[in-house]
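Source file structure_27.cif; content: mmCIF, C-alpha atoms and all ligand atoms.
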```
data_coords
loop_
_atom_site.label_atom_id
_atom_site.label_comp_id
_atom_site.auth_asym_id
_atom_site.auth_seq_id
_atom_site.Cartn_x
_atom_site.Cartn_y
_atom_site.Cartn_z
CA MET A 238 58.79 -82.35 95.22
CA GLU A 239 55.69 -80.26 95.88
CA TYR A 240 56.70 -77.29 93.79
CA ALA A 241 59.01 -76.02 91.09
CA ALA A 242 60.67 -72.59 91.04
CA ARG A 243 60.48 -69.83 88.46
CA ILE A 244 62.15 -66.45 88.09
CA THR A 245 59.30 -63.93 88.04
CA GLY A 246 61.33 -60.71 88.21
CA ILE A 247 64.83 -59.61 87.36
CA GLY A 248 66.72 -56.35 87.84
CA SER A 249 70.15 -54.78 87.80
CA ALA A 250 72.03 -51.69 88.93
CA PHE A 251 75.44 -50.23 88.19
CA PRO A 252 77.46 -47.35 89.62
CA LYS A 253 77.40 -44.09 87.66
CA ASN A 254 81.12 -43.77 87.01
CA ARG A 255 82.03 -45.19 83.54
CA VAL A 256 85.73 -45.89 83.13
CA THR A 257 86.82 -46.34 79.53
CA ASN A 258 89.93 -48.29 78.57
CA ASP A 259 91.71 -45.00 77.87
CA GLN A 260 90.85 -43.65 81.31
CA LEU A 261 91.96 -46.91 82.91
CA SER A 262 95.23 -46.88 80.94
CA GLN A 263 95.95 -43.35 82.21
CA LYS A 264 95.30 -44.40 85.80
CA MET A 265 97.57 -47.44 85.40
CA GLU A 266 100.29 -45.49 83.66
CA ALA A 267 100.42 -43.05 86.58
CA LEU A 268 101.31 -46.12 88.71
CA GLY A 269 103.93 -47.34 86.25
CA ALA A 270 101.88 -50.06 84.46
CA LYS A 271 101.35 -49.87 80.72
CA THR A 272 98.32 -50.96 78.71
CA ASP A 273 96.10 -49.53 76.02
CA ASP A 274 92.58 -49.60 74.62
CA GLN A 275 93.49 -51.71 71.59
CA TRP A 276 95.21 -54.43 73.66
CA ILE A 277 92.31 -54.60 76.11
CA ARG A 278 89.66 -54.75 73.37
CA GLU A 279 91.54 -57.36 71.31
CA ARG A 280 92.28 -59.66 74.27
CA THR A 281 89.07 -59.24 76.26
CA GLY A 282 86.35 -57.44 74.24
CA ILE A 283 85.98 -54.98 77.15
CA ARG A 284 85.50 -51.31 76.24
CA GLU A 285 84.57 -49.88 79.62
CA ARG A 286 83.48 -50.80 83.14
CA ARG A 287 81.84 -49.06 86.11
CA PHE A 288 83.63 -48.29 89.37
CA SER A 289 81.59 -47.37 92.40
CA ASP A 290 82.27 -44.25 94.42
CA LYS A 291 83.27 -45.49 97.88
CA ASN A 292 82.18 -42.20 99.40
CA ALA A 293 78.66 -42.51 97.97
CA PRO A 294 76.49 -44.74 100.21
CA GLN A 295 74.14 -45.32 97.28
CA GLU A 296 76.99 -47.14 95.51
CA HIS A 297 77.95 -49.55 98.28
CA ASN A 298 77.52 -53.20 97.34
CA SER A 299 74.28 -53.59 99.32
CA SER A 300 72.88 -50.36 97.87
CA LEU A 301 73.44 -51.50 94.28
CA ALA A 302 71.94 -54.85 95.27
CA TYR A 303 68.95 -53.14 96.85
CA LYS A 304 68.33 -51.12 93.68
CA ALA A 305 68.53 -54.26 91.53
CA ALA A 306 66.21 -56.11 93.94
CA ASP A 307 63.71 -53.27 93.90
CA LYS A 308 63.48 -53.48 90.10
CA ALA A 309 63.13 -57.27 90.22
CA LEU A 310 60.32 -57.02 92.79
CA GLU A 311 58.56 -54.42 90.66
CA MET A 312 58.71 -56.72 87.62
CA ALA A 313 57.30 -59.58 89.71
CA GLY A 314 54.55 -57.35 91.11
CA LYS A 315 55.73 -58.03 94.69
CA THR A 316 56.77 -55.92 97.67
CA PRO A 317 59.49 -56.38 100.32
CA ASP A 318 56.77 -57.81 102.61
CA ASP A 319 56.45 -60.77 100.25
CA VAL A 320 60.13 -61.77 100.58
CA ASP A 321 60.77 -64.90 102.68
CA GLN A 322 64.48 -65.34 102.00
CA ILE A 323 67.39 -63.26 100.68
CA ILE A 324 70.43 -65.07 99.32
CA CYS A 325 73.22 -62.70 98.37
CA ALA A 326 76.08 -64.12 96.33
CA THR A 327 79.10 -61.90 96.79
CA CYS A 328 82.83 -62.09 97.44
CA THR A 329 83.08 -58.35 98.12
CA PRO A 330 80.70 -57.80 101.06
CA ASP A 331 80.02 -54.33 102.48
CA THR A 332 81.33 -55.63 105.80
CA LEU A 333 82.56 -59.05 106.94
CA ILE A 334 79.91 -58.85 109.66
CA PRO A 335 77.00 -58.49 109.14
CA SER A 336 76.33 -60.12 105.81
CA THR A 337 75.51 -58.04 102.74
CA ALA A 338 72.19 -59.90 102.61
CA CYS A 339 71.34 -58.42 106.04
CA TRP A 340 72.28 -54.96 104.80
CA ILE A 341 69.99 -55.49 101.81
CA GLN A 342 67.18 -56.70 104.05
CA HIS A 343 67.61 -53.62 106.25
CA LYS A 344 67.64 -51.22 103.29
CA MET A 345 64.54 -52.75 101.70
CA ASN A 346 62.78 -53.27 105.03
CA ALA A 347 61.94 -56.89 104.20
CA ARG A 348 60.96 -57.67 107.76
CA ARG A 349 59.70 -61.23 107.22
CA ALA A 350 62.83 -62.46 105.43
CA TRP A 351 65.86 -64.37 106.64
CA ALA A 352 69.03 -63.31 104.90
CA VAL A 353 72.35 -64.99 104.16
CA ASP A 354 75.47 -64.45 102.03
CA ILE A 355 77.18 -67.11 99.98
CA ASN A 356 80.60 -66.88 98.37
CA ALA A 357 81.18 -68.87 95.21
CA ALA A 358 82.91 -65.94 93.46
CA CYS A 359 81.79 -65.62 89.84
CA SER A 360 79.58 -68.74 90.03
CA GLY A 361 77.74 -67.22 92.99
CA PHE A 362 74.49 -66.31 91.29
CA ILE A 363 74.10 -69.81 89.87
CA TYR A 364 74.88 -71.42 93.23
CA GLY A 365 72.47 -69.02 94.98
CA LEU A 366 69.71 -69.60 92.47
CA SER A 367 70.07 -73.35 92.85
CA MET A 368 70.01 -73.06 96.67
CA GLY A 369 66.94 -70.80 96.61
CA GLU A 370 65.26 -73.20 94.22
CA GLN A 371 65.67 -76.06 96.72
CA TYR A 372 63.87 -74.12 99.49
CA ILE A 373 61.04 -73.33 97.11
CA LYS A 374 60.75 -76.91 95.87
CA THR A 375 60.29 -78.27 99.40
CA GLY A 376 57.63 -75.67 100.20
CA LYS A 377 59.68 -74.06 102.99
CA VAL A 378 59.88 -70.74 101.15
CA LYS A 379 57.40 -69.05 98.81
CA LEU A 380 59.50 -66.22 97.49
CA THR A 381 63.26 -65.91 97.50
CA LEU A 382 65.36 -63.01 96.36
CA VAL A 383 68.62 -64.18 94.81
CA VAL A 384 71.22 -61.47 94.37
CA GLY A 385 74.61 -61.43 92.69
CA SER A 386 76.34 -58.22 93.67
CA GLU A 387 79.94 -57.04 93.72
CA VAL A 388 82.08 -54.01 94.34
CA LEU A 389 85.37 -55.44 93.12
CA SER A 390 87.20 -52.18 92.44
CA PRO A 391 88.75 -51.89 95.95
CA PHE A 392 90.37 -55.30 95.37
CA ILE A 393 92.06 -54.38 92.08
CA ASN A 394 95.83 -53.96 92.02
CA PHE A 395 96.15 -51.28 89.34
CA THR A 396 99.78 -52.17 88.75
CA ASP A 397 98.76 -55.71 87.69
CA ARG A 398 97.95 -55.56 83.97
CA ASN A 399 96.02 -58.82 83.91
CA ILE A 400 93.70 -57.97 86.80
CA SER A 401 93.03 -54.29 86.36
CA ILE A 402 91.66 -54.47 82.81
CA LEU A 403 89.04 -57.12 83.56
CA PHE A 404 86.88 -56.19 86.53
CA GLY A 405 84.01 -53.83 87.31
CA ASP A 406 81.21 -53.23 89.83
CA GLY A 407 77.49 -54.01 89.55
CA ALA A 408 74.51 -55.92 90.89
CA GLY A 409 71.77 -58.20 89.59
CA ALA A 410 68.80 -59.69 91.43
CA ALA A 411 66.09 -62.22 90.70
CA VAL A 412 62.74 -62.84 92.38
CA VAL A 413 62.14 -66.59 92.45
CA GLU A 414 58.68 -67.95 93.23
CA ARG A 415 56.74 -71.18 93.49
CA THR A 416 55.10 -72.71 90.50
CA ALA A 417 53.54 -76.10 89.74
CA PRO A 418 56.07 -78.96 89.46
CA ASP A 419 54.98 -79.62 85.88
CA ALA A 420 54.78 -75.94 84.82
CA SER A 421 56.53 -75.37 81.52
CA ARG A 422 58.09 -72.07 82.67
CA ARG A 423 60.47 -73.00 85.50
CA ILE A 424 64.02 -73.84 86.48
CA LEU A 425 64.60 -77.21 84.82
CA SER A 426 67.88 -78.24 86.47
CA SER A 427 71.07 -77.06 88.09
CA HIS A 428 74.56 -78.59 87.99
CA MET A 429 77.45 -77.53 90.20
CA LEU A 430 80.95 -78.59 91.16
CA SER A 431 83.92 -77.03 92.94
CA ASP A 432 87.62 -77.81 92.82
CA GLY A 433 89.33 -76.28 95.83
CA SER A 434 92.67 -77.74 94.73
CA LEU A 435 92.85 -74.98 92.12
CA TRP A 436 92.50 -72.13 94.69
CA GLU A 437 95.85 -70.65 93.71
CA LEU A 438 94.67 -69.71 90.22
CA PHE A 439 92.61 -66.84 91.62
CA TYR A 440 92.61 -65.56 95.20
CA ILE A 441 93.11 -62.67 97.60
CA PRO A 442 95.98 -63.52 99.97
CA ALA A 443 95.27 -61.15 102.88
CA GLY A 444 92.18 -59.77 104.60
CA GLY A 445 90.69 -63.02 105.86
CA SER A 446 91.35 -64.58 109.26
CA LYS A 447 94.45 -66.38 107.96
CA LEU A 448 96.45 -63.28 107.06
CA GLU A 449 95.54 -59.87 108.43
CA VAL A 450 96.03 -56.75 106.38
CA THR A 451 99.00 -54.90 107.90
CA PRO A 452 100.46 -51.68 106.45
CA GLU A 453 103.29 -53.71 104.94
CA ARG A 454 100.95 -56.25 103.32
CA TYR A 455 98.75 -53.44 102.08
CA HIS A 456 101.75 -51.87 100.31
CA GLN A 457 102.56 -55.29 98.81
CA ASN A 458 98.98 -55.40 97.44
CA LEU A 459 98.31 -58.65 99.31
CA ASN A 460 94.73 -57.53 99.98
CA LYS A 461 94.07 -57.43 96.21
CA MET A 462 93.06 -60.09 93.68
CA THR A 463 95.85 -62.19 92.20
CA MET A 464 95.29 -64.46 89.23
CA SER A 465 96.97 -66.83 86.75
CA GLY A 466 95.17 -65.51 83.68
CA LYS A 467 96.32 -68.04 81.10
CA GLU A 468 95.49 -71.09 83.26
CA ILE A 469 92.09 -69.69 84.23
CA PHE A 470 91.33 -69.01 80.58
CA LYS A 471 91.85 -72.68 79.67
CA VAL A 472 89.89 -74.07 82.63
CA ALA A 473 87.08 -71.58 81.92
CA VAL A 474 86.68 -72.64 78.30
CA ARG A 475 86.74 -76.32 79.20
CA THR A 476 84.31 -76.14 82.12
CA LEU A 477 81.83 -73.66 80.62
CA THR A 478 81.60 -76.00 77.62
CA SER A 479 81.18 -79.16 79.69
CA PHE A 480 78.63 -77.64 82.12
CA ALA A 481 76.57 -76.36 79.19
CA LYS A 482 76.58 -79.83 77.65
CA THR A 483 75.67 -81.50 80.96
CA ALA A 484 72.67 -79.21 81.46
CA LEU A 485 71.35 -79.96 77.98
CA ASP A 486 72.13 -83.70 78.07
CA GLU A 487 70.40 -84.20 81.42
CA ASN A 488 67.23 -82.63 80.04
CA GLY A 489 67.38 -84.61 76.79
CA MET A 490 68.02 -81.45 74.80
CA THR A 491 70.62 -80.31 72.32
CA ILE A 492 72.26 -77.01 71.52
CA SER A 493 69.70 -76.35 68.76
CA ASP A 494 66.90 -76.32 71.37
CA LEU A 495 68.52 -73.38 73.10
CA ASP A 496 67.13 -69.86 72.62
CA TRP A 497 69.66 -68.02 74.80
CA PHE A 498 73.03 -68.76 76.33
CA ILE A 499 74.09 -66.50 79.21
CA PRO A 500 77.63 -67.37 80.26
CA HIS A 501 79.67 -65.67 82.97
CA GLN A 502 81.12 -62.55 81.37
CA ALA A 503 84.84 -62.72 82.15
CA ASN A 504 86.33 -62.16 78.74
CA LEU A 505 84.65 -62.08 75.31
CA ARG A 506 87.40 -64.37 73.95
CA ILE A 507 86.46 -67.06 76.49
CA ILE A 508 82.80 -66.74 75.43
CA GLU A 509 83.76 -67.00 71.73
CA ALA A 510 85.89 -70.09 72.37
CA VAL A 511 83.00 -71.76 74.23
CA ALA A 512 80.53 -70.83 71.48
CA ALA A 513 82.84 -72.38 68.88
CA ARG A 514 83.14 -75.61 70.89
CA LEU A 515 79.37 -75.79 71.40
CA LYS A 516 78.73 -74.83 67.75
CA LEU A 517 76.46 -72.11 69.05
CA PRO A 518 76.00 -68.92 66.99
CA MET A 519 77.15 -65.77 68.80
CA GLU A 520 73.72 -64.22 68.10
CA LYS A 521 72.25 -66.57 70.70
CA ILE A 522 74.52 -65.27 73.44
CA ILE A 523 73.69 -62.31 75.63
CA ILE A 524 76.80 -60.26 76.23
CA ASN A 525 77.43 -57.29 78.49
CA VAL A 526 81.14 -57.72 79.26
CA ASP A 527 81.96 -55.05 76.66
CA ARG A 528 80.25 -52.36 78.80
CA TYR A 529 80.70 -53.62 82.35
CA GLY A 530 83.73 -55.94 82.39
CA ASN A 531 83.70 -58.90 84.76
CA THR A 532 81.35 -58.08 87.65
CA SER A 533 81.77 -61.59 89.14
CA ALA A 534 78.50 -62.86 90.70
CA ALA A 535 76.61 -60.03 88.97
CA THR A 536 77.44 -60.89 85.35
CA VAL A 537 74.81 -63.59 84.79
CA PRO A 538 71.80 -61.82 86.39
CA THR A 539 72.66 -58.46 84.80
CA ALA A 540 72.99 -60.03 81.35
CA LEU A 541 69.70 -61.91 81.86
CA ASP A 542 68.05 -58.68 82.97
CA GLU A 543 69.28 -56.91 79.85
CA GLY A 544 67.97 -59.67 77.59
CA VAL A 545 64.58 -59.71 79.28
CA ARG A 546 64.12 -55.94 79.35
CA ASP A 547 65.17 -55.37 75.73
CA GLY A 548 62.76 -58.08 74.59
CA ARG A 549 65.26 -60.65 73.35
CA VAL A 550 64.35 -63.20 76.04
CA LYS A 551 60.68 -64.01 75.56
CA LYS A 552 58.11 -66.01 77.50
CA GLY A 553 58.84 -69.73 77.11
CA ASP A 554 62.40 -69.31 75.80
CA LEU A 555 64.94 -71.94 76.81
CA VAL A 556 67.79 -70.17 78.61
CA LEU A 557 71.09 -71.64 79.77
CA LEU A 558 73.07 -69.90 82.52
CA ASP A 559 76.69 -71.03 82.85
CA ALA A 560 79.55 -69.84 85.06
CA PHE A 561 83.00 -70.50 86.51
CA GLY A 562 84.85 -68.64 89.20
CA ALA A 563 87.47 -68.56 91.92
CA GLY A 564 87.49 -71.57 94.19
CA LEU A 565 87.44 -72.86 91.54
CA THR A 566 83.70 -73.14 91.19
CA TYR A 567 81.57 -74.16 88.21
CA GLY A 568 77.87 -74.37 87.52
CA SER A 569 75.02 -74.21 85.02
CA ILE A 570 71.26 -73.78 85.22
CA LEU A 571 68.79 -74.55 82.47
CA LEU A 572 65.44 -72.78 82.67
CA ARG A 573 62.40 -72.02 80.62
CA TRP A 574 61.74 -68.28 80.95
C1 LIG B 601 94.16 -61.77 81.66
C2 LIG B 601 94.16 -62.05 80.18
C3 LIG B 601 93.33 -61.02 79.43
C4 LIG B 601 95.62 -61.93 79.68
O1 LIG B 601 95.65 -62.25 78.30
P1 LIG B 601 96.77 -63.22 77.72
O2 LIG B 601 96.57 -63.30 76.26
O3 LIG B 601 96.73 -64.49 78.52
O4 LIG B 601 98.05 -62.37 78.02
P2 LIG B 601 99.46 -62.85 78.61
O5 LIG B 601 99.46 -62.68 80.10
O6 LIG B 601 99.89 -64.17 78.04
O7 LIG B 601 100.39 -61.75 77.98
C5 LIG B 601 100.63 -61.68 76.56
C6 LIG B 601 101.50 -60.47 76.31
O8 LIG B 601 100.74 -59.26 76.54
C7 LIG B 601 101.33 -58.51 77.60
N1 LIG B 601 100.23 -57.99 78.43
C8 LIG B 601 99.59 -58.64 79.43
N2 LIG B 601 98.61 -57.84 79.92
C9 LIG B 601 98.67 -56.71 79.21
C10 LIG B 601 97.92 -55.52 79.23
N3 LIG B 601 96.92 -55.31 80.10
N4 LIG B 601 98.21 -54.56 78.33
C11 LIG B 601 99.20 -54.74 77.44
N5 LIG B 601 99.95 -55.83 77.38
C12 LIG B 601 99.68 -56.81 78.25
C13 LIG B 601 102.20 -59.49 78.36
O9 LIG B 601 103.26 -58.82 79.01
C14 LIG B 601 102.69 -60.39 77.25
O10 LIG B 601 103.71 -59.74 76.55
P3 LIG B 601 104.98 -60.58 75.97
O11 LIG B 601 104.37 -61.54 75.00
O12 LIG B 601 105.81 -59.53 75.36
O13 LIG B 601 105.56 -61.23 77.19
C15 LIG B 601 93.65 -63.49 79.88
O14 LIG B 601 94.61 -64.43 80.28
C16 LIG B 601 92.34 -63.78 80.56
O15 LIG B 601 91.35 -63.14 80.33
N6 LIG B 601 92.30 -64.86 81.37
C17 LIG B 601 91.10 -65.25 82.07
C18 LIG B 601 90.99 -64.49 83.35
C19 LIG B 601 89.62 -64.58 83.97
O16 LIG B 601 88.66 -64.86 83.32
N7 LIG B 601 89.56 -64.31 85.26
C20 LIG B 601 88.33 -64.26 85.96
C21 LIG B 601 87.99 -65.57 86.54
S1 LIG B 601 86.33 -65.54 87.13
#
```
Can the structure from this file be put into structure tokens for me?
Amino acid sequence: MEYAARITGIGSAFPKNRVTNDQLSQKMEALGAKTDDQWIRERTGIRERRFSDKNAPQEHNSSLAYKAADKALEMAGKTPDDVDQIICATCTPDTLIPSTACWIQHKMNARRAWAVDINAACSGFIYGLSMGEQYIKTGKVKLTLVVGSEVLSPFINFTDRNISILFGDGAGAAVVERTAPDASRRILSSHMLSDGSLWELFYIPAGGSKLEVTPERYHQNLNKMTMSGKEIFKVAVRTLTSFAKTALDENGMTISDLDWFIPHQANLRIIEAVAARLKLPMEKIIINVDRYGNTSAATVPTALDEGVRDGRVKKGDLVLLDAFGAGLTYGSILLRW
């Protein structure tokens, strides 16, 4: 390969509206579903999440993504004119056509870029980063913008106690640029796998081409997320652990070499179980699920952004990104920041 790829800028954006567990419980109770702050905190570690205002154009998926991208470009010292490629990982696009990536391109006026969405659910940012990295390695692209952005709140069934407590809205974006193949600061490797046979553990039945949303299906909540929480929990712990190990093994490294672990933020208890299996101290894990819930493709880039901006992630640190999601999809990326 002619080049390697490195993240040179990172950014995130969230909607304004904070919804605490108490506020969520009230909303759910009005619909006949019971939960409470203590249960949610004990089982998930989530205290609050953000829900976007559907009537506010600045809080549409592509607008949050645009804001995150703008911050990432600023950190990298680049402008929209420098962007060759936009990869947007999302399962909650603004519109089915055109792609959210095209909306982002339009909003940022990145006239030289070609733009595309990918859907790998919560593993989306890792899949997108790996795909962008390949274009950079071959020399086809100089600068790619990889976005993980979701507005999940319209797909929450607030009468489903498992679903409604977990999810939130937000966006993260990374500027990825060329560097020398032997540079120390670069993406070291990526590892991905999908298992479509497990689709039923987490899916949205209606709204695609297979099953239209009719008034009747809408009232049955068939256009909302449905999930087997317990099964997903087990698969998540197993695969996050094994993909973390694979990334380290393939680079001849061990857990003690790691400076930061940034796993998909679905549930703090999943993260704790993985940390215990990896024998990794919780202090080495960047966590934002407590304040934002599960923002799907946005959890990994927003947590990375937080770690970089508050000074925890420093130049040269070894960082492991690790995710699982609907599909099911799994993936990890090891990089030197
Ligand atoms: C959803 C999740 C928090 C549920 O936690 P859990 O411990 O598995 O809970 P269970 O569904 O087994 O329910 C345990 C009990 O709590 C109750 N309960 C479930 N949800 C509740 C809620 N929101 N509030 C209060 N009680 C609740 C159940 O009714 C059950 O009561 P019972 O024992 O009297 O029957 C957990 O399974 C999870 O996080 N799974 C992973 C999901 C995930 O990561 N999805 C994203 C994939 S990218």
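Taking CA of Met265 in chain A and CA of Glu453 in chain A as the two end points, the separation is 21.3 Å.
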Next item on the list: Please return, as a ChimeraX atom specification, all polymer residues that have at least one atom within 12 Å of the point (52.0, -78.4, 87.1); use only C-alpha atoms and the file's own coordinate frame.
Entry: /A:238-242,415-423
Export of prior selection with C-alpha atoms as a PDB file, in the frame of the given file:
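Below you can see part14.pdb, which holds the result:
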```pdb
ATOM      1  CA  MET A 238      58.790 -82.350  95.220  1.00  0.00           C
ATOM      2  CA  GLU A 239      55.690 -80.260  95.880  1.00  0.00           C
ATOM      3  CA  TYR A 240      56.700 -77.290  93.790  1.00  0.00           C
ATOM      4  CA  ALA A 241      59.010 -76.020  91.090  1.00  0.00           C
ATOM      5  CA  ALA A 242      60.670 -72.590  91.040  1.00  0.00           C
ATOM      6  CA  ARG A 415      56.740 -71.180  93.490  1.00  0.00           C
ATOM      7  CA  THR A 416      55.100 -72.710  90.500  1.00  0.00           C
ATOM      8  CA  ALA A 417      53.540 -76.100  89.740  1.00  0.00           C
ATOM      9  CA  PRO A 418      56.070 -78.960  89.460  1.00  0.00           C
ATOM     10  CA  ASP A 419      54.980 -79.620  85.880  1.00  0.00           C
ATOM     11  CA  ALA A 420      54.780 -75.940  84.820  1.00  0.00           C
ATOM     12  CA  SER A 421      56.530 -75.370  81.520  1.00  0.00           C
ATOM     13  CA  ARG A 422      58.090 -72.070  82.670  1.00  0.00           C
ATOM     14  CA  ARG A 423      60.470 -73.000  85.500  1.00  0.00           C
TER      15      ARG A 423
END
```
Next item on the list: Between atom O12 of ligand LIG 601 (chain B) and CA of Lys461 in chain A, measure the distance and give it in Å to one decimal.
Entry: 24.0 Å
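Of the listed residues A:Ser360, A:Ser569, A:Thr257, A:Thr532, the one whose atoms come nearest to Ser390 in chain A is A:Thr532, with distances taken using only C-alpha atoms.
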Checklist line | Contacts of Ser336 in chain A within 12 Å, all atoms listed in the file, excl. fewer than 2 positions in-chain, as a ChimeraX atom specification | finding: /A:298-299,323-334,338-343,351-356
With a distance cut-off of 7 Å and all atoms listed in the file, select the neighbouring residues of range 308-317 of chain A, excluding the residue or stretch itself and same-chain residues fewer than 2 positions from it, and output the selection as a PDB file with C-alpha atoms, in the coordinates of the input.
```pdb
ATOM      1  CA  THR A 245      59.300 -63.930  88.040  1.00  0.00           C
ATOM      2  CA  GLY A 246      61.330 -60.710  88.210  1.00  0.00           C
ATOM      3  CA  ILE A 247      64.830 -59.610  87.360  1.00  0.00           C
ATOM      4  CA  GLY A 248      66.720 -56.350  87.840  1.00  0.00           C
ATOM      5  CA  LYS A 304      68.330 -51.120  93.680  1.00  0.00           C
ATOM      6  CA  ALA A 305      68.530 -54.260  91.530  1.00  0.00           C
ATOM      7  CA  ALA A 306      66.210 -56.110  93.940  1.00  0.00           C
ATOM      8  CA  ASP A 319      56.450 -60.770 100.250  1.00  0.00           C
ATOM      9  CA  VAL A 320      60.130 -61.770 100.580  1.00  0.00           C
ATOM     10  CA  MET A 345      64.540 -52.750 101.700  1.00  0.00           C
ATOM     11  CA  ASN A 346      62.780 -53.270 105.030  1.00  0.00           C
ATOM     12  CA  ALA A 347      61.940 -56.890 104.200  1.00  0.00           C
ATOM     13  CA  ALA A 410      68.800 -59.690  91.430  1.00  0.00           C
ATOM     14  CA  ALA A 411      66.090 -62.220  90.700  1.00  0.00           C
ATOM     15  CA  VAL A 412      62.740 -62.840  92.380  1.00  0.00           C
TER      16      VAL A 412
END
```
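Distance-wise, CA of Gln457 in chain A and CA of Ala535 in chain A end up 28.2 Å apart.
Here the question is which of A:Ala350, A:Val256, A:Leu438, A:Leu515 gets nearest to ligand LIG 601 (chain B) using only C-alpha atoms and all ligand atoms, and that residue is A:Leu438.
Proximity to Leu495 in chain A was assessed for A:Val384, A:Leu448, A:Val537, A:Leu558 counting only C-alpha atoms; the smallest distance is recorded for A:Leu558.
Using all atoms listed in the file, the shortest contact distance between ligand LIG 601 (chain B) and any of A:Lys344, A:His297, A:Lys471, A:Lys552 is found at A:Lys471.
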Which residues are near Arg284 in chain A? Cut-off 8 Å, all atoms listed in the file, ignore same chain within fewer than 4 positions. Put them as an mmCIF file with C-alpha atoms, in the coordinates of the input.
```
data_model
loop_
_atom_site.group_PDB
_atom_site.id
_atom_site.type_symbol
_atom_site.label_atom_id
_atom_site.label_comp_id
_atom_site.auth_asym_id
_atom_site.auth_seq_id
_atom_site.Cartn_x
_atom_site.Cartn_y
_atom_site.Cartn_z
ATOM 1 C CA THR A 257 86.820 -46.340 79.530
ATOM 2 C CA ASN A 258 89.930 -48.290 78.570
ATOM 3 C CA ASP A 274 92.580 -49.600 74.620
ATOM 4 C CA ILE A 277 92.310 -54.600 76.110
ATOM 5 C CA ARG A 278 89.660 -54.750 73.370
ATOM 6 C CA ASP A 527 81.960 -55.050 76.660
ATOM 7 C CA ARG A 528 80.250 -52.360 78.800
ATOM 8 C CA GLY A 530 83.730 -55.940 82.390
#
```
Item checked: Best match for closeness to Ile508 in chain A among A:Arg549, A:Arg280, A:Arg286, A:Lys253, counting only C-alpha atoms -> A:Arg280
Margin query: Between A:Phe404, A:Trp497, A:Phe288, A:Phe362, which residue has the minimum interatomic distance to ligand LIG 601 (chain B), considering only C-alpha atoms and all ligand atoms?
Written below: A:Phe404
